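Colleague: Please find one structure pasted underneath; my questions will follow.
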Amino acid sequence: MALSTWRRIVRSFGPFSALMRHDSPIVSSRSCQASDLSGCIYGDKLPRAGCFSFCERFYTTVLTPDPSGGAFPSDLLSSKTVLTPERTIGLYQDLVFPVTNFHNEEKGLMVLAGDVFDVPIRKDIIHRVVLWQLAKRQQGTHSTKTISEVSGTGRKPWKQKGTGRARHGTLRGPQFRGGATMHGPKPRSHAIKLNKKVRRLGLKIALSACAAEGKLLVFEDLEVPTHKTKNIVNYVNQMDNTRKLLLVDGGPINEKLKLATQNLHYVNVLPSIGLNVYSILLHDTLVMSRDAVNRIVGRMHTPINR
């Protein structure tokens, strides 16, 4: 080991105090050549004190355990936590997630499919899916009346000539108060076309982003003992950095959970069939039950009907 090697070299010099005496041949670190240094290390010749001082100043080693026994002194060991490198996102690797519940009890582990929860992050896909969602949910019931739909007389208000006023044939025109609206909106659909595979990819990216940022929690189930709202409030307060919470269950929402969360504006509940990109982006923490994860993965793996 490196430490043992240096001990043998020092012993070959004799006592260290003898090396530091003025009558010993001392060579400064500047005058120590590369040939002297190689000779010191590989044993071609006995090293001089100057070479040793050069090595002592400019050569560092990592302390390793001595084969003769003994451990490192505790004061030399660092008490800092060793940080492991962060994983690379978007490699389609399966993720192992701990499963808990509202009481933060360990319920085992669950493997999340890498092709759903570890896909490359693409902001352009998220942008397209959000635009598609917001456009599709518009009601499009706005309507205005044209000149033929406005109620009122069709009589000419005054004669064509002789009054000094501008000529008009009706008072229902767009220039009059209570008249028609020209080129106004009519009931229509604001929905835009977006391929199914792009919509599916957007949901995968949103789930992958939550998993990568540590905003995804997997629960065994979303069962609550009572319909009291204070229980949900206590559960949310125990979660770190959670201001808006989205709960996703596999099947129909439990009636107790629905009653417990309906008065909380920062807690929303959705079935797995209703999970969407925009809802995920609106909340900073996503909680999914084990059943919801299985249903989402099954839906993502279902072939697209063309």
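Chains: A, B, ... in order of the structure tokens. Residues: from 1 per chain. Ligands: from 1, in order shown.
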Step one, run DSSP on the backbone; step two, keep only residues of region 91-152 of chain A assigned to strand (DSSP E or B); then write them as a list in words.

Modeller: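 Here are the strand (DSSP E or B) residues of region 91-152 of chain A: Leu95, Val96, Phe97, Pro98, Val99, Thr100, Leu109, Met110, Val111 and Leu112 of chain A.
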
Colleague: Counting only C-alpha atoms, what is within 10 Å of region 128-136 of chain A, bar same-chain residues fewer than 5 positions away, as a list of chain:residue names?

Modeller: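 Listed by chain and then number, they are A:Lys123, A:Ser189, A:His190, A:Ala191, A:Ile192, A:Lys193, A:Leu194, A:Asn195, A:Val198, A:Arg199, A:Arg200, A:Leu201, A:Gly202, A:Leu203, A:Asn276, A:Val277, A:Tyr278, A:Ser279, A:Leu281.
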
Colleague: Find the spatial neighbours of Ile89 (chain A), counting only C-alpha atoms, within a cut-off of 8 Å - ignore same-chain residues fewer than 5 positions away - and output them as a list in words.

Modeller: Asp118, Val119, Pro120, Ile121 and Ala212 of chain A

Colleague: Quick check, in Å to one decimal: how far apart do CA of Leu259 (chain A) and CA of Met110 (chain A) lie?

Modeller: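 About the pair CA of Leu259 (chain A) and CA of Met110 (chain A): they are 28.8 Å apart.
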
Colleague: Which residue gives the smallest distance to Leu95 (chain A) among A:Thr146, A:Ser208, A:Thr285, A:Thr153, with only C-alpha atoms counted?

Modeller: A:Ser208
